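Containing compact mmCIF, C-alpha atoms and all ligand atoms: target_37.txt.
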```txt
# COMPACT_ATOMS: atom_id res chain seq x y z
CA MET G 30 75.10 120.20 104.01
CA ILE G 31 73.08 118.21 101.50
CA TYR G 32 75.08 117.22 98.44
CA ASP G 33 73.64 116.48 95.00
CA LEU G 34 75.61 113.24 95.00
CA GLU G 35 77.48 111.42 97.73
CA LEU G 36 79.43 108.21 97.41
CA MET G 37 80.48 106.78 100.75
CA LYS G 38 82.97 103.92 100.60
CA VAL G 39 81.21 102.60 97.51
CA GLY G 40 82.55 99.32 96.17
CA LYS G 41 81.74 96.89 93.38
CA VAL G 42 82.68 93.23 93.16
CA TYR G 43 81.32 91.52 90.04
CA ASP G 44 79.87 88.01 90.22
CA ASN G 45 83.08 86.55 88.81
CA GLY G 46 85.01 87.99 91.78
CA THR G 47 86.52 91.01 90.00
CA THR G 48 86.82 93.99 92.31
CA ALA G 49 86.07 96.85 89.91
CA VAL G 50 85.68 99.68 92.47
CA ALA G 51 86.81 99.93 96.11
CA GLU G 52 86.04 102.46 98.85
CA PHE G 53 85.05 105.26 96.50
CA ASP G 54 84.35 108.49 98.44
CA LEU G 55 83.04 111.60 96.71
CA ALA G 56 80.73 114.51 97.59
CA VAL G 57 79.41 116.64 94.73
CA THR G 58 77.66 119.99 95.17
CA LYS G 59 74.83 121.14 92.90
CA GLY G 60 75.96 122.39 89.50
CA GLU G 61 79.44 120.89 89.70
CA PHE G 62 81.04 119.36 86.61
CA ILE G 63 82.97 116.28 87.71
CA ALA G 64 85.15 114.14 85.42
CA PHE G 65 86.16 110.55 86.16
CA LEU G 66 89.56 110.09 84.52
CA GLY G 67 91.73 107.00 84.35
CA PRO G 68 93.11 104.25 82.14
CA SER G 69 90.96 101.54 80.61
CA GLY G 70 89.61 99.14 83.22
CA CYS G 71 90.12 101.43 86.24
CA GLY G 72 86.42 101.36 87.16
CA LYS G 73 85.06 104.64 85.73
CA THR G 74 82.13 103.13 83.85
CA THR G 75 81.27 100.75 86.68
CA THR G 76 81.04 103.72 89.08
CA LEU G 77 78.87 105.68 86.64
CA ARG G 78 76.60 102.66 86.16
CA MET G 79 76.23 102.24 89.92
CA ILE G 80 75.16 105.90 90.18
CA ALA G 81 72.68 105.40 87.32
CA GLY G 82 71.31 102.19 88.85
CA PHE G 83 72.33 99.89 85.97
CA GLU G 84 74.73 98.06 88.26
CA SER G 85 74.15 97.06 91.88
CA ILE G 86 76.35 98.52 94.63
CA SER G 87 78.27 95.80 96.52
CA SER G 88 79.29 97.90 99.52
CA GLY G 89 78.95 101.43 100.85
CA ASP G 90 76.19 103.99 100.29
CA MET G 91 75.14 106.22 97.42
CA MET G 92 72.95 109.24 98.13
CA ILE G 93 71.35 111.77 95.80
CA LYS G 94 70.16 114.96 97.51
CA GLY G 95 70.41 113.22 100.86
CA VAL G 96 68.29 110.19 99.87
CA ARG G 97 69.90 106.74 99.85
CA MET G 98 69.70 105.30 96.34
CA ASN G 99 71.29 101.83 96.69
CA ASP G 100 67.97 100.02 96.32
CA VAL G 101 66.11 102.51 94.10
CA PRO G 102 65.64 101.18 90.54
CA ALA G 103 67.29 103.10 87.68
CA GLN G 104 64.06 104.54 86.29
CA ARG G 105 63.16 106.07 89.66
CA ARG G 106 66.50 107.80 90.16
CA PRO G 107 66.72 111.53 89.32
CA THR G 108 69.50 110.84 86.81
CA SER G 109 69.82 110.66 83.01
CA THR G 110 72.60 108.83 81.20
CA ILE G 111 74.17 109.67 77.85
CA PHE G 112 76.07 106.82 76.25
CA GLN G 113 78.96 107.02 73.83
CA ASN G 114 76.87 105.59 70.97
CA TYR G 115 73.95 107.91 71.91
CA ALA G 116 71.44 105.01 71.65
CA LEU G 117 68.97 107.04 69.55
CA PHE G 118 65.94 105.37 67.98
CA PRO G 119 66.57 105.44 64.21
CA HIS G 120 62.90 105.19 63.18
CA MET G 121 61.76 108.13 65.35
CA THR G 122 62.11 111.82 64.49
CA VAL G 123 64.45 113.99 66.52
CA ARG G 124 61.45 115.46 68.33
CA ARG G 125 60.11 112.03 69.31
CA ASN G 126 63.56 110.83 70.35
CA VAL G 127 63.94 113.86 72.61
CA GLY G 128 60.43 113.50 74.04
CA TYR G 129 60.71 109.76 74.64
CA GLY G 130 61.50 109.95 78.36
CA LEU G 131 58.58 112.30 78.97
CA ALA G 132 56.20 110.11 76.95
CA VAL G 133 57.22 107.09 79.05
CA LYS G 134 56.40 109.10 82.17
CA GLY G 135 52.94 109.78 80.68
CA LEU G 136 53.21 113.57 80.62
CA PRO G 137 50.23 115.40 79.01
CA LYS G 138 50.97 116.22 75.35
CA ALA G 139 50.88 120.02 75.67
CA GLU G 140 53.30 119.99 78.59
CA MET G 141 55.54 117.51 76.81
CA ASP G 142 55.62 119.59 73.60
CA ALA G 143 56.49 122.73 75.54
CA LYS G 144 59.41 121.03 77.31
CA VAL G 145 60.70 119.43 74.13
CA ASP G 146 60.49 122.75 72.23
CA ARG G 147 62.38 124.51 74.97
CA ILE G 148 65.26 122.01 75.01
CA LEU G 149 65.40 121.79 71.18
CA ALA G 150 65.77 125.57 71.11
CA ALA G 151 68.43 125.56 73.85
CA LEU G 152 70.52 123.11 71.80
CA GLY G 153 69.84 124.69 68.38
CA LEU G 154 67.97 121.66 67.09
CA GLU G 155 64.66 123.27 65.99
CA ASP G 156 65.50 123.11 62.28
CA ILE G 157 66.05 119.36 62.30
CA ALA G 158 63.27 118.47 64.76
CA ASP G 159 61.28 116.51 62.18
CA ARG G 160 64.18 114.58 60.68
CA LYS G 161 65.40 111.11 61.59
CA PRO G 162 68.75 110.79 63.38
CA GLU G 163 70.37 108.42 60.87
CA ARG G 164 70.67 111.20 58.30
CA LEU G 165 72.32 113.59 60.73
CA SER G 166 75.95 114.34 61.56
CA GLY G 167 77.81 113.01 64.62
CA GLY G 168 77.67 116.43 66.27
CA GLN G 169 73.93 116.73 65.70
CA ARG G 170 73.30 113.25 67.07
CA GLN G 171 75.39 114.10 70.09
CA ARG G 172 73.20 117.16 70.72
CA ILE G 173 70.01 115.11 70.33
CA ALA G 174 71.29 112.66 72.94
CA LEU G 175 72.04 115.58 75.28
CA ALA G 176 68.57 117.05 74.68
CA ARG G 177 66.98 113.69 75.41
CA GLY G 178 68.95 113.37 78.65
CA LEU G 179 68.19 116.91 79.81
CA VAL G 180 64.50 117.18 78.87
CA VAL G 181 63.47 115.05 81.85
CA GLU G 182 65.16 117.64 84.10
CA PRO G 183 67.45 115.26 85.97
CA ASP G 184 69.31 116.34 89.09
CA ILE G 185 72.39 114.67 87.71
CA LEU G 186 73.39 114.03 84.10
CA LEU G 187 75.75 111.07 83.68
CA LEU G 188 77.87 111.06 80.53
CA ASP G 189 79.89 108.01 79.48
CA GLU G 190 82.60 109.11 77.02
CA PRO G 191 79.98 111.16 75.16
CA LEU G 192 82.47 112.76 72.78
CA GLY G 193 84.39 109.58 72.00
CA ALA G 194 82.72 109.02 68.63
CA LEU G 195 83.48 112.51 67.29
CA ASP G 196 86.53 113.63 65.31
CA ALA G 197 89.04 115.91 67.01
CA ASN G 198 87.77 119.26 65.66
CA LEU G 199 84.13 118.55 66.38
CA ARG G 200 85.10 117.26 69.79
CA LYS G 201 86.70 120.57 70.65
CA ALA G 202 83.67 122.56 69.45
CA ILE G 203 81.21 120.37 71.34
CA GLN G 204 83.36 120.51 74.47
CA ASN G 205 82.89 124.28 74.56
CA GLU G 206 79.15 123.97 73.98
CA LEU G 207 78.82 121.34 76.64
CA LYS G 208 80.57 123.46 79.23
CA LEU G 209 78.42 126.52 78.42
CA LEU G 210 75.24 124.50 78.47
CA GLN G 211 76.12 122.94 81.80
CA LYS G 212 76.86 126.31 83.40
CA ASN G 213 73.64 127.83 82.01
CA LEU G 214 71.43 124.98 83.18
CA GLY G 215 73.20 124.53 86.52
CA VAL G 216 72.72 120.74 86.30
CA THR G 217 75.32 118.52 87.98
CA PHE G 218 77.35 116.60 85.37
CA ILE G 219 79.38 113.45 85.96
CA PHE G 220 81.51 112.78 82.93
CA VAL G 221 83.59 109.66 82.23
CA THR G 222 86.63 110.01 79.98
CA HIS G 223 90.08 108.56 79.44
CA ALA G 224 91.14 111.76 77.62
CA GLN G 225 93.05 113.90 80.03
CA SER G 226 92.73 117.12 77.98
CA GLU G 227 88.94 116.74 78.00
CA ALA G 228 88.77 116.20 81.76
CA LEU G 229 91.07 119.15 82.44
CA ALA G 230 89.26 121.48 80.01
CA LEU G 231 85.70 120.73 81.09
CA SER G 232 85.45 119.92 84.73
CA ASP G 233 85.40 121.79 88.01
CA ARG G 234 87.04 118.79 89.67
CA VAL G 235 88.68 115.67 88.29
CA VAL G 236 88.56 112.28 90.02
CA VAL G 237 91.61 110.29 88.93
CA MET G 238 91.07 106.54 89.26
CA ASN G 239 93.53 103.66 89.14
CA GLN G 240 92.69 99.98 89.57
CA GLY G 241 89.31 100.67 91.15
CA ARG G 242 90.59 103.24 93.62
CA VAL G 243 90.48 107.02 93.77
CA GLU G 244 94.00 108.44 93.53
CA GLN G 245 93.17 112.15 93.72
CA ILE G 246 90.19 114.52 93.52
CA SER G 247 91.24 118.06 92.61
CA PRO G 248 90.43 121.02 90.38
CA PRO G 249 92.27 120.67 87.03
CA HIS G 250 95.02 123.20 87.71
CA GLN G 251 95.88 121.66 91.06
CA LEU G 252 95.86 118.17 89.59
CA TYR G 253 98.25 119.33 86.88
CA THR G 254 100.62 121.27 89.10
CA ARG G 255 100.35 119.40 92.43
CA PRO G 256 99.90 115.65 91.96
CA ASP G 257 99.31 113.75 95.20
CA THR G 258 100.53 110.33 94.11
CA PRO G 259 103.15 108.78 91.79
CA PHE G 260 100.33 107.44 89.57
CA VAL G 261 98.82 110.90 89.06
CA ALA G 262 102.27 112.38 88.42
CA GLN G 263 102.76 109.87 85.61
CA PHE G 264 99.25 109.91 84.22
CA VAL G 265 98.50 113.64 84.18
CA GLY G 266 100.60 116.30 82.48
CA ARG G 267 104.23 115.86 81.38
CA ASN G 268 106.27 115.32 84.48
CA THR G 269 109.77 114.10 85.09
CA ILE G 270 110.03 112.13 88.30
CA PHE G 271 113.20 111.80 90.37
CA SER G 272 113.13 109.23 93.14
CA GLY G 273 115.19 109.69 96.25
CA VAL G 274 115.07 110.16 100.01
CA VAL G 275 114.40 113.18 102.19
CA LYS G 276 117.59 114.83 103.46
CA GLY G 277 115.97 117.74 105.25
CA SER G 278 114.13 120.97 104.60
CA GLU G 279 115.21 124.50 103.83
CA GLY G 280 113.00 127.58 103.74
CA GLY G 281 109.85 125.42 103.59
CA MET G 282 111.19 123.35 100.70
CA ALA G 283 112.11 119.67 100.83
CA VAL G 284 115.72 118.79 100.12
CA ALA G 285 116.10 115.31 98.63
CA GLU G 286 119.05 113.14 97.75
CA THR G 287 118.53 111.56 94.32
CA ALA G 288 120.64 109.75 91.73
CA SER G 289 120.74 113.08 89.85
CA GLY G 290 122.11 114.97 92.86
CA THR G 291 120.52 117.07 95.59
CA LEU G 292 117.17 118.36 94.39
CA THR G 293 114.53 120.54 96.03
CA GLY G 294 110.79 120.94 95.71
CA LYS G 295 107.66 121.88 97.60
CA PRO G 296 106.66 119.12 100.02
CA SER G 297 103.09 117.80 99.95
CA PHE G 298 103.40 116.09 103.32
CA ALA G 299 105.17 116.35 106.67
CA LEU G 300 108.78 115.45 106.01
CA ALA G 301 110.96 113.05 107.92
CA SER G 302 114.60 112.37 107.09
CA GLY G 303 115.26 109.21 105.13
CA VAL G 304 111.69 108.81 103.84
CA PRO G 305 111.54 107.64 100.19
CA ILE G 306 110.04 110.30 97.94
CA ASN G 307 109.30 111.20 94.34
CA LEU G 308 110.23 114.68 93.24
CA VAL G 309 107.86 115.65 90.42
CA VAL G 310 108.93 118.33 87.96
CA PRO G 311 106.45 119.52 85.32
CA ALA G 312 107.94 120.09 81.85
CA GLU G 313 106.57 123.64 81.99
CA ALA G 314 108.76 124.40 85.02
CA ILE G 315 112.05 123.36 83.43
CA GLU G 316 114.43 125.96 82.03
CA VAL G 317 117.27 125.02 79.68
CA PHE G 318 120.66 126.77 79.68
CA PRO G 319 123.60 126.11 77.35
CA ALA G 320 126.26 124.40 79.48
CA ALA G 321 129.09 126.34 77.83
CA ASP G 322 128.15 129.66 79.33
CA ALA G 323 125.86 128.49 82.08
CA ARG G 324 128.04 129.69 84.94
CA ARG G 325 126.79 127.15 87.43
CA ASP G 326 127.36 129.51 90.34
CA ARG G 327 124.95 132.08 88.98
CA LEU G 328 122.36 129.41 88.25
CA ALA G 329 122.89 127.90 91.68
CA SER G 330 122.16 131.24 93.34
CA GLU G 331 118.94 131.56 91.32
CA PHE G 332 117.70 127.98 91.36
CA GLY G 333 119.36 126.52 94.45
CA ASP G 334 120.30 122.88 94.06
CA ASN G 335 118.20 122.08 91.05
CA LEU G 336 120.83 121.80 88.32
CA ILE G 337 120.86 118.75 86.07
CA ASP G 338 123.13 117.94 83.15
CA ALA G 339 121.51 116.95 79.87
CA ARG G 340 122.14 116.80 76.13
CA ILE G 341 120.10 118.21 73.25
CA ASP G 342 118.94 115.36 71.00
CA ARG G 343 116.35 117.07 68.90
CA PHE G 344 115.53 120.65 68.13
CA ASP G 345 112.66 121.71 65.87
CA VAL G 346 111.03 125.05 65.40
CA VAL G 347 107.31 125.03 64.60
CA GLY G 348 105.98 128.55 64.05
CA HIS G 349 107.44 130.57 66.89
CA ILE G 350 107.83 127.63 69.29
CA SER G 351 111.07 125.67 69.71
CA HIS G 352 110.63 122.00 70.58
CA LEU G 353 113.61 120.44 72.38
CA ASN G 354 114.29 116.84 73.22
CA VAL G 355 116.86 116.50 75.96
CA THR G 356 118.39 113.33 77.37
CA LEU G 357 119.41 113.09 81.01
CA SER G 358 122.53 111.25 82.21
CA ASP G 359 120.29 108.30 83.20
CA ASN G 360 119.12 108.16 79.54
CA ARG G 361 115.64 109.44 80.21
CA SER G 362 114.33 111.72 77.52
CA ILE G 363 112.28 114.88 78.18
CA MET G 364 110.35 116.98 75.68
CA LEU G 365 110.44 120.70 76.38
CA GLU G 366 109.30 123.76 74.54
CA GLY G 367 109.59 127.53 74.63
CA HIS G 368 109.50 130.62 72.45
CA VAL G 369 112.08 130.59 69.65
CA GLU G 370 113.54 133.87 70.97
CA LYS G 371 114.33 132.07 74.24
CA TYR G 372 115.58 128.81 72.70
CA ARG G 373 117.39 129.80 69.51
CA PRO G 374 118.61 127.07 67.12
CA ASP G 375 122.16 128.51 67.02
CA THR G 376 122.49 128.35 70.84
CA PHE G 377 121.07 124.83 71.27
CA ALA G 378 122.83 122.72 68.65
CA ILE G 379 121.98 119.03 68.53
CA GLY G 380 124.48 117.08 70.62
CA SER G 381 125.41 120.05 72.78
CA GLN G 382 125.45 119.87 76.58
CA VAL G 383 122.89 121.86 78.56
CA ILE G 384 121.89 122.43 82.16
CA LEU G 385 118.26 122.04 83.22
CA SER G 386 116.85 123.85 86.19
CA TRP G 387 113.58 124.73 87.92
CA SER G 388 112.46 126.80 90.85
CA PRO G 389 111.81 124.58 93.92
CA GLU G 390 108.33 126.09 94.29
CA GLN G 391 107.24 124.53 90.99
CA ALA G 392 108.30 120.98 91.82
CA THR G 393 106.27 118.78 94.18
CA VAL G 394 107.73 116.26 96.60
CA ILE G 395 105.34 113.37 97.27
CA PRO G 396 105.70 110.09 99.17
CA ALA G 397 107.13 107.34 96.93
CA HIS G 398 104.32 104.94 97.84
N1 LIG Z 401 80.08 92.76 83.82
C1 LIG Z 401 81.31 92.58 84.28
N2 LIG Z 401 81.67 91.41 84.86
C2 LIG Z 401 82.92 91.23 85.35
N3 LIG Z 401 83.90 92.16 85.32
C3 LIG Z 401 83.60 93.36 84.74
C4 LIG Z 401 82.30 93.63 84.20
N4 LIG Z 401 82.30 94.90 83.69
C5 LIG Z 401 83.55 95.38 83.93
N5 LIG Z 401 84.33 94.47 84.54
C6 LIG Z 401 85.72 94.64 85.01
O1 LIG Z 401 85.74 95.65 86.00
C7 LIG Z 401 86.89 96.47 85.87
C8 LIG Z 401 86.47 97.92 85.66
O2 LIG Z 401 85.81 98.05 84.39
P1 LIG Z 401 85.16 99.41 83.89
O3 LIG Z 401 84.48 99.14 82.60
O4 LIG Z 401 84.37 100.02 84.99
O5 LIG Z 401 86.46 100.31 83.64
P2 LIG Z 401 86.61 101.67 82.82
O6 LIG Z 401 87.57 102.48 83.61
O7 LIG Z 401 85.30 102.26 82.56
O8 LIG Z 401 87.30 101.18 81.48
P3 LIG Z 401 87.05 101.69 79.96
O9 LIG Z 401 87.66 103.06 79.88
O10 LIG Z 401 87.80 100.68 79.16
O11 LIG Z 401 85.57 101.67 79.74
C9 LIG Z 401 87.70 95.89 84.70
O12 LIG Z 401 88.64 95.02 85.25
C10 LIG Z 401 86.64 95.13 83.91
O13 LIG Z 401 87.24 94.07 83.22
```
Exercise: express the given structure as structure tokens:
Amino acid sequence: MIYDLELMKVGKVYDNGTTAVAEFDLAVTKGEFIAFLGPSGCGKTTTLRMIAGFESISSGDMMIKGVRMNDVPAQRRPTSTIFQNYALFPHMTVRRNVGYGLAVKGLPKAEMDAKVDRILAALGLEDIADRKPERLSGGQRQRIALARGLVVEPDILLLDEPLGALDANLRKAIQNELKLLQKNLGVTFIFVTHAQSEALALSDRVVVMNQGRVEQISPPHQLYTRPDTPFVAQFVGRNTIFSGVVKGSEGGMAVAETASGTLTGKPSFALASGVPINLVVPAEAIEVFPAADARRDRLASEFGDNLIDARIDRFDVVGHISHLNVTLSDNRSIMLEGHVEKYRPDTFAIGSQVILSWSPEQATVIPAH
């Protein structure tokens, strides 16, 4: 199979000796929307720049549509890059900004005009085609940058935090547009972000990076519900992590001994007794019961071993959602929420004792290291 993009053990060591990226493996099929997600300094931008050709590749191979690109200069690669600051030319009209890449390639004027008109129409920019970018809004400038990147018909569009300069509301609106546009055009997108909600909302698969290495590559839902590593469990979603050791397995679930008691969850690897693990419980999986009438036996029959004592420390109702802060016996605090009919203020008084529980299926047991 020929992929649109393949990274094979790609690495980058800067001249000063910094290893920014190590052994990066990824295969992207045509039309996929891939997000690189990770904290500042994890190597997202360096990887994007190596794909674009702005940064040399220190080790490994990078292929686009089956052709090795390591030594191909940036301008000859079938990629376009959109930067966070858009890098538009202030003295040129929108139309000339968008057509710039085609003009550089020396396309005949009629053909160039037709392509520019088509992309301006696709992005709803016809009405401002003869204006200069400096007078336009952030959202409009963002669209011009997209049009300029797409008009050259790249195989792969590379986007480096392209929504970072926009305010939250505009960001949301442009996110939806971007996703629709990408699906309609069928162009492969590689998108760099440190905003988890953006990566999860937009992409077909998310690559989570940490200290230059890939931690996990998964579709958003799987990343959120089934983290592979302790880093992903901490970085993505709202998880509570219990560390412990494997005691055994029961009905396909892992049974672990932890400081909070015997807990169970779905194993992500072949279990062996005594192996150190992390049991990852998403906030969405946790149910809260008032301790006073919890009848542990009934809960135990429903939830198995997963019963943890906690205390309500905060309780707010916003609209029809109750927001609870509970503190575990090891002093960790967890934020939970649910419909106000389920968590009623009179049942969950501040300071009262509660029992937390979850179904084993919704928790994931991963290796501790
Ligand atoms: N030109 C350079 N020379 C030396 N080290 C660099 C250079 N550019 C980046 N680095 C280092 O490489 C590592 C990865 O940086 P990179 O910019 O790729 O991370 P990032 O995940 O994109 O971060 P951010 O979200 O802050 O942009 C960091 O340790 C950074 O300090």
Counting all atoms listed in the file, which protein, DNA or RNA residues come within 9 Å of ligand LIG 401 (chain Z), given as a ChimeraX atom specification? /G:41-50,65-78,84,189-190,221-223,238-241
Quick one, how far is atom CA of Pro374 of chain G from atom CA of Glu390 of chain G? 29.1 Å
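Shortest atom-to-atom contact with Pro311 of chain G among G:Ala262, G:Leu199, G:Met91, G:Ala299: G:Ala262, counting only C-alpha atoms.
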In Å, with one decimal, what is the gap from atom CA of Asp90 of chain G to atom CA of Met37 of chain G?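 Atom CA of Met37 of chain G lies 5.1 Å from atom CA of Asp90 of chain G.
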For Ala158 of chain G, please output as a PyMOL selection string all residues within 6 Å (counting all atoms listed in the file; exclusion window: fewer than 3 positions along the same chain). chain G and resi 123-124+155
For those residues, write C-alpha atoms to a file as a PDB file, in the frame of the given file.
```pdb
ATOM      1  CA  VAL G 123      64.450 113.990  66.520  1.00  0.00           C
ATOM      2  CA  ARG G 124      61.450 115.460  68.330  1.00  0.00           C
ATOM      3  CA  GLU G 155      64.660 123.270  65.990  1.00  0.00           C
TER       4      GLU G 155
END
```
Measure the distance from atom CA of Asp33 of chain G to atom CA of Ile185 of chain G in Å and round it to one decimal.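 Between atom CA of Asp33 of chain G and atom CA of Ile185 of chain G the gap works out to 7.6 Å.
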Quick one: everything within 8 Å of Thr291 of chain G, counting all atoms listed in the file, minus sequence neighbours fewer than 4 positions away in the same chain. Send it as a ChimeraX atom specification. /G:284-287,334-335
Residue among G:Leu229, G:Gln263, G:Val275, G:Ala150 lying closest to Pro249 of chain G, counting all atoms listed in the file: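 Counting all atoms listed in the file, the residue closest to Pro249 of chain G is G:Leu229.
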Test item: residues at most 12 Å from Thr254 of chain G, all atoms listed in the file, excluding those fewer than 3 positions along its chain, as a count of residues only: 26
Name the closest residue to Ile63 of chain G among the candidates G:Lys144, G:Lys208, G:Arg177, G:Lys134; distances are taken between atoms, counting only C-alpha atoms. G:Lys208
Spatial neighbours of segment 210-218 of chain G, 8 Å, only C-alpha atoms, chain gap at least 3 places, as a count of residues only: 15
Tell me, as a PyMOL selection string, which residues lie within 9 Å of Leu36 of chain G, counting all atoms listed in the file; anything in the same chain fewer than 2 positions away does not count. chain G and resi 34+38-39+52-57+80+89-93
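The nearest approach to Ala397 of chain G among the residues G:Phe318, G:Phe260, G:Phe377, G:Phe112, with all atoms listed in the file taken into account, belongs to G:Phe260.
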Of the listed residues G:Pro389, G:Pro162, G:Gly130, G:Gly153, that which approaches Phe118 of chain G most closely, counting only C-alpha atoms: G:Pro162
Just give me the residues with any atom within 6 Å of (72.5, 116.0, 102.0), file coordinates, counting only C-alpha atoms, written as a ChimeraX atom specification. /G:30-32,94-95
If you take every atom of segment 297-316 of chain G that the file lists and fit an axis-aligned box around them with 6 Å extra on each side, what centre and edge lengths come out in Å to one decimal, as lines of an AutoDock Vina configuration file?
```
center_x = 109.2
center_y = 116.8
center_z = 94.9
size_x = 24.2
size_y = 30.3
size_z = 38.1
```
